2 protein chains.
Amino acid sequence: MAQAVHRLIAHDGLDAATMAAVAREAGFSVGLVQHYFKSKDELLLFAYKRITADLLGRVARITAESEAAGRSIREIMLDCLVELLPLDPERRGEYRVSRAFQTRAPDDPTAAAVAVETSAHLRGKLAQGIENGKECGETEPDTDASLAALELTALVDGLADHLYRAPGPREATAAGAILASRLQAILPGACRHYA
Amino acid sequence: MAQAVHRLIAHDGLDAATMAAVAREAGFSVGLVQHYFKSKDELLLFAYKRITADLLGRVARITAESEAAGRSIREIMLDCLVELLPLDPERRGEYRVSRAFQTRAPDDPTAAAVAVETSAHLRGKLAQGIENGKECGETEPDTDASLAALELTALVDGLADHLYRAPGPREATAAGAILASRLQAILPGACRHYA
DNA sequence: GGAATAACCGTATGAACGTATGGTTCTGCG
DNA sequence: CGCAGAACCATACGTTCATACGGTTATTCC
């Protein structure tokens, strides 16, 4: 059912995720959806939580794989940040769903909490990575890690926004170049921290 | 009527901008709103266009005033970018309205066009300013102006997003510091181009 | 003055939606 | 078996909304 919600929002926006539409998309009856979710809000919130969990899971998986491959902190971070960009249809859909819920957030404290939490989680991971870089000379010692992390998350958010509005290979490479350049400036070293 | 739409969306989201609510908020009847706008979409699009025009107008005014005051390109740009951040209730409302329409954009080509146009306009102005900086030594000669402009707009978008979710003086100063730092890096000179 | 046009209003209509409800089929267990 | 509870369904109800429509007042122009 959560997948049905995801597909509907990704394709036609939040308003398309009606009870009847979700039931039809999932191949169930309206009554069954009601059986599992007391209200529509509960259903949507569940779907939203699932999506953010998926996203954080993917980032964690990328981190783990890159660490195992012995890549530098900078390379790992770049992979994670690029993963957040809507570069293919799947991630475009995911991005649209997330944005739909963020738009809804001001009226829905629980949805807002999910958004704040995932954003803070991501920012924390970045800050930690930057901080770790100091120990092995990959980061300049006087770098403000949390400020740099905020810059990176804001940058990737804004680039995602731009790429969603204006897709295309040129825009994609421009976004990648900007991220790579900023990461290079923040983590200039070439240490293999996790190797 | 456009102001009524603005107030309603800023306070309660796009769904709150019903015909009846707009009429009540504006002090008119539903019939009168229909008299001036054939459909709800037309009304909303008009309101959206008005808001983006207001925003671009404010940026233009700030630019003109700062130029008259003989400030550097970097200072002018910083003022313009900070103007885009949701730092007070008024701009928070404006930000929410813009975001609401952006969320709606994928299903509404005309709204999408407005969003793309204003974003491109802003990016173009920034790129032009950076390019101008080269002529008087404020910009490094080998800077890619359009890439730098894209970075700045993306950064300010992402920071606006963050500030909207997490308001507060600490977040505001952090965002200002990041913007100032990036501008300093892109436009390191201190030329008074327009003086 | 008088007609045409714009400004303006209240209400009716039909569609879409969330949810409540009553009922049916399946499943596991004592 | 018998039955309790979960899974599952179709439909009815009340609300909300955009829009259509008919009518009334104000303004403008000849």
# chains A, B, ... in the order shown; residues from 1 in each chain; ligands from 1
$ interface_residues --of "chain A" --to "chain B" --cutoff "9 Å" --atoms "only C-alpha atoms" --output "number ranges by chain"
A: 12-13, 96, 99-100, 103-107, 112, 115-116, 119, 147-148, 150-162, 165-166, 174-175, 177-179
$ calpha_fit_and_write --fixed "chain A" --moving "chain B" --output "compact mmCIF listing (two decimals) with C-alpha atoms, in the first residue's frame"
# COMPACT_ATOMS: atom_id res chain seq x y z
CA MET B 1 0.04 -0.01 0.02
CA ALA B 2 2.88 2.36 0.84
CA GLN B 3 4.31 1.61 -2.59
CA ALA B 4 0.97 2.46 -4.15
CA VAL B 5 0.98 5.78 -2.31
CA HIS B 6 4.51 6.38 -3.54
CA ARG B 7 3.61 5.65 -7.16
CA LEU B 8 0.53 7.84 -7.11
CA ILE B 9 2.25 10.85 -5.56
CA ALA B 10 5.32 10.46 -7.76
CA HIS B 11 3.17 10.41 -10.87
CA ASP B 12 0.31 12.78 -10.10
CA GLY B 13 1.03 14.62 -6.89
CA LEU B 14 -0.19 14.42 -3.34
CA ASP B 15 -3.80 15.13 -4.25
CA ALA B 16 -3.88 12.00 -6.39
CA ALA B 17 -3.29 9.82 -3.34
CA THR B 18 -6.94 9.42 -2.40
CA MET B 19 -8.17 6.39 -0.52
CA ALA B 20 -9.95 5.04 -3.56
CA ALA B 21 -6.94 5.59 -5.81
CA VAL B 22 -4.55 3.97 -3.36
CA ALA B 23 -6.84 0.96 -3.03
CA ARG B 24 -7.16 0.61 -6.80
CA GLU B 25 -3.42 1.03 -7.33
CA ALA B 26 -2.64 -1.57 -4.68
CA GLY B 27 -5.29 -3.97 -5.97
CA PHE B 28 -7.32 -3.92 -2.77
CA SER B 29 -10.62 -2.52 -1.68
CA VAL B 30 -11.09 0.75 0.14
CA GLY B 31 -12.28 -1.16 3.17
CA LEU B 32 -9.01 -3.04 3.46
CA VAL B 33 -6.94 0.10 3.39
CA GLN B 34 -9.14 1.37 6.21
CA HIS B 35 -8.59 -1.90 8.03
CA TYR B 36 -4.86 -1.27 8.24
CA PHE B 37 -4.87 2.51 8.57
CA LYS B 38 -7.37 4.30 10.75
CA SER B 39 -7.19 7.45 8.71
CA LYS B 40 -5.71 8.78 5.51
CA ASP B 41 -3.20 10.83 7.46
CA GLU B 42 -1.92 7.70 9.11
CA LEU B 43 -1.49 6.01 5.76
CA LEU B 44 0.37 8.94 4.26
CA LEU B 45 2.60 9.33 7.28
CA PHE B 46 3.49 5.66 7.15
CA ALA B 47 4.36 5.94 3.48
CA TYR B 48 6.47 9.02 4.14
CA LYS B 49 8.37 7.36 6.95
CA ARG B 50 9.04 4.39 4.72
CA ILE B 51 10.46 6.60 2.01
CA THR B 52 12.80 8.51 4.28
CA ALA B 53 13.94 5.26 5.87
CA ASP B 54 14.65 3.86 2.41
CA LEU B 55 16.68 6.90 1.54
CA LEU B 56 18.74 6.83 4.71
CA GLY B 57 19.23 3.11 4.21
CA ARG B 58 20.58 3.66 0.73
CA VAL B 59 22.98 6.29 1.98
CA ALA B 60 24.16 3.94 4.72
CA ARG B 61 24.64 1.15 2.20
CA ILE B 62 26.66 3.38 -0.11
CA THR B 63 28.79 4.48 2.79
CA ALA B 64 29.44 0.92 3.89
CA GLU B 65 30.30 -0.27 0.39
CA SER B 66 32.59 2.65 -0.27
CA GLU B 67 34.32 2.20 3.04
CA ALA B 68 34.88 -1.47 2.23
CA ALA B 69 36.37 -0.41 -1.10
CA GLY B 70 38.83 1.77 0.76
CA ARG B 71 37.76 5.06 -0.76
CA SER B 72 38.51 8.44 0.77
CA ILE B 73 35.98 10.32 2.89
CA ARG B 74 35.56 12.83 0.12
CA GLU B 75 34.70 10.18 -2.45
CA ILE B 76 32.23 8.53 -0.10
CA MET B 77 30.52 11.81 0.61
CA LEU B 78 30.29 12.69 -3.03
CA ASP B 79 28.60 9.39 -3.78
CA CYS B 80 26.14 9.92 -0.95
CA LEU B 81 25.29 13.45 -2.03
CA VAL B 82 24.87 12.49 -5.67
CA GLU B 83 22.53 9.74 -4.54
CA LEU B 84 20.21 12.46 -3.26
CA LEU B 85 19.89 14.13 -6.66
CA PRO B 86 16.91 13.32 -8.89
CA LEU B 87 19.02 12.06 -11.78
CA ASP B 88 16.86 9.16 -12.94
CA PRO B 89 13.08 8.61 -13.07
CA GLU B 90 13.10 6.61 -9.86
CA ARG B 91 14.86 9.27 -7.84
CA ARG B 92 12.80 11.97 -9.53
CA GLY B 93 9.70 10.23 -8.27
CA GLU B 94 11.15 9.91 -4.81
CA TYR B 95 12.13 13.54 -4.83
CA ARG B 96 8.66 14.60 -5.80
CA VAL B 97 7.10 12.56 -3.02
CA SER B 98 9.46 14.01 -0.44
CA ARG B 99 8.76 17.51 -1.65
CA ALA B 100 5.04 16.92 -1.51
CA PHE B 101 5.28 15.93 2.13
CA GLN B 102 7.57 18.83 2.95
CA THR B 103 5.01 21.18 1.50
CA ARG B 104 2.43 19.58 3.72
CA ALA B 105 4.70 19.73 6.76
CA PRO B 106 3.75 23.18 8.11
CA ASP B 107 0.25 21.89 8.84
CA ASP B 108 1.31 18.45 9.98
CA PRO B 109 3.69 18.40 12.96
CA THR B 110 4.43 14.69 12.67
CA ALA B 111 5.40 14.97 9.01
CA ALA B 112 7.50 18.01 9.87
CA ALA B 113 9.25 15.99 12.56
CA VAL B 114 10.14 13.27 10.06
CA ALA B 115 11.55 15.85 7.66
CA VAL B 116 13.58 17.61 10.33
CA GLU B 117 14.86 14.33 11.66
CA THR B 118 16.10 12.95 8.35
CA SER B 119 17.65 16.27 7.41
CA ALA B 120 19.41 16.49 10.77
CA HIS B 121 20.56 12.89 10.49
CA LEU B 122 22.13 13.50 7.11
CA ARG B 123 23.74 16.71 8.25
CA GLY B 124 25.11 14.97 11.30
CA LYS B 125 26.67 12.21 9.22
CA LEU B 126 28.35 14.77 7.00
CA ALA B 127 29.62 16.76 9.95
CA GLN B 128 31.00 13.62 11.51
CA GLY B 129 32.78 12.69 8.30
CA ILE B 130 34.33 16.14 8.03
CA GLU B 131 35.36 16.02 11.66
CA ASN B 132 36.91 12.59 11.16
CA GLY B 133 38.87 14.03 8.28
CA LYS B 134 40.73 16.26 10.69
CA GLU B 135 42.29 13.31 12.48
CA CYS B 136 44.06 12.13 9.37
CA GLY B 137 44.73 15.41 7.64
CA GLU B 138 41.97 15.21 5.04
CA THR B 139 40.20 18.23 6.54
CA GLU B 140 41.81 21.57 7.35
CA PRO B 141 42.02 21.69 11.16
CA ASP B 142 40.20 25.03 11.50
CA THR B 143 37.15 23.96 9.50
CA ASP B 144 33.77 24.37 11.20
CA ALA B 145 32.40 20.90 10.51
CA SER B 146 28.76 21.61 11.27
CA LEU B 147 28.79 24.77 9.19
CA ALA B 148 30.38 22.93 6.28
CA ALA B 149 27.84 20.14 6.64
CA LEU B 150 25.03 22.67 6.57
CA GLU B 151 26.46 24.18 3.42
CA LEU B 152 26.68 20.80 1.73
CA THR B 153 23.15 19.73 2.60
CA ALA B 154 21.76 23.08 1.55
CA LEU B 155 23.72 22.91 -1.67
CA VAL B 156 22.53 19.43 -2.53
CA ASP B 157 18.95 20.39 -1.69
CA GLY B 158 19.11 23.41 -3.95
CA LEU B 159 20.79 21.47 -6.74
CA ALA B 160 18.15 18.77 -6.46
CA ASP B 161 15.51 21.46 -6.79
CA HIS B 162 17.18 22.84 -9.88
CA LEU B 163 17.70 19.43 -11.47
CA TYR B 164 14.08 18.54 -10.88
CA ARG B 165 12.91 21.68 -12.66
CA ALA B 166 15.49 21.43 -15.40
CA PRO B 167 16.60 17.86 -16.07
CA GLY B 168 19.27 17.05 -18.59
CA PRO B 169 22.83 15.77 -18.83
CA ARG B 170 24.34 19.24 -18.90
CA GLU B 171 22.60 20.26 -15.70
CA ALA B 172 23.53 16.95 -14.11
CA THR B 173 27.23 17.30 -14.84
CA ALA B 174 27.16 20.91 -13.66
CA ALA B 175 25.62 19.83 -10.36
CA GLY B 176 28.17 17.06 -9.99
CA ALA B 177 31.01 19.46 -10.71
CA ILE B 178 29.80 21.92 -8.10
CA LEU B 179 29.46 19.26 -5.44
CA ALA B 180 32.86 17.76 -6.27
CA SER B 181 34.47 21.19 -6.19
CA ARG B 182 33.01 22.09 -2.80
CA LEU B 183 33.97 18.73 -1.34
CA GLN B 184 37.48 19.15 -2.68
CA ALA B 185 37.69 22.51 -0.95
CA ILE B 186 36.35 21.21 2.35
CA LEU B 187 38.28 17.92 2.32
CA PRO B 188 41.43 18.72 0.35
CA GLY B 189 43.47 15.78 1.65
CA ALA B 190 43.57 12.30 0.14
CA CYS B 191 43.60 10.17 3.28
CA ARG B 192 42.07 6.69 3.25
CA HIS B 193 40.49 7.06 6.62
CA TYR B 194 38.64 3.76 6.68
CA ALA B 195 41.06 1.72 4.63
$ interface_residues --of "chain C" --to "chain A" --cutoff "10 Å" --atoms "only C-alpha atoms (C1' of nucleotides)" --output "number ranges by chain"
C: 16-19
$ interface_residues --of "chain D" --to "chain B" --cutoff "10 Å" --atoms "only C-alpha atoms (C1' of nucleotides)" --output "PyMOL selection string"
chain D and resi 16-19
$ write_last_selection --atoms "C-alpha atoms (C1' of nucleotides)" --output "compact mmCIF listing (two decimals), in the first residue's frame"
# COMPACT_ATOMS: atom_id res chain seq x y z
C1' DT D 16 -16.58 20.30 0.72
C1' DC D 17 -15.53 22.19 -3.40
C1' DA D 18 -15.61 24.41 -8.27
C1' DT D 19 -18.59 25.91 -11.31
$ atom_distance --atom1 "atom C1' of DG1 of chain C" --atom2 "atom C1' of DC30 of chain D"
10.5 Å
$ atom_distance --atom1 "atom C1' of DC26 of chain C" --atom2 "atom C1' of DC13 of chain D"
29.1 Å
$ select_by_dssp --residues "segment 38-166 of chain A" --states "alpha helix (DSSP H)" --output "ChimeraX atom specification"
/A:40-68,73-83,89-104,109-135,145-165
$ atom_distance --atom1 "atom C1' of DG23 of chain D" --atom2 "atom C1' of DA7 of chain C"
13.1 Å
$ residues_around --residues "DC29 of chain D" --least-positions-apart "4" --cutoff "12 Å" --atoms "only C-alpha atoms (C1' of nucleotides)" --output "list in words"
DG1, DG2, DA3, DA4 and DT5 of chain C
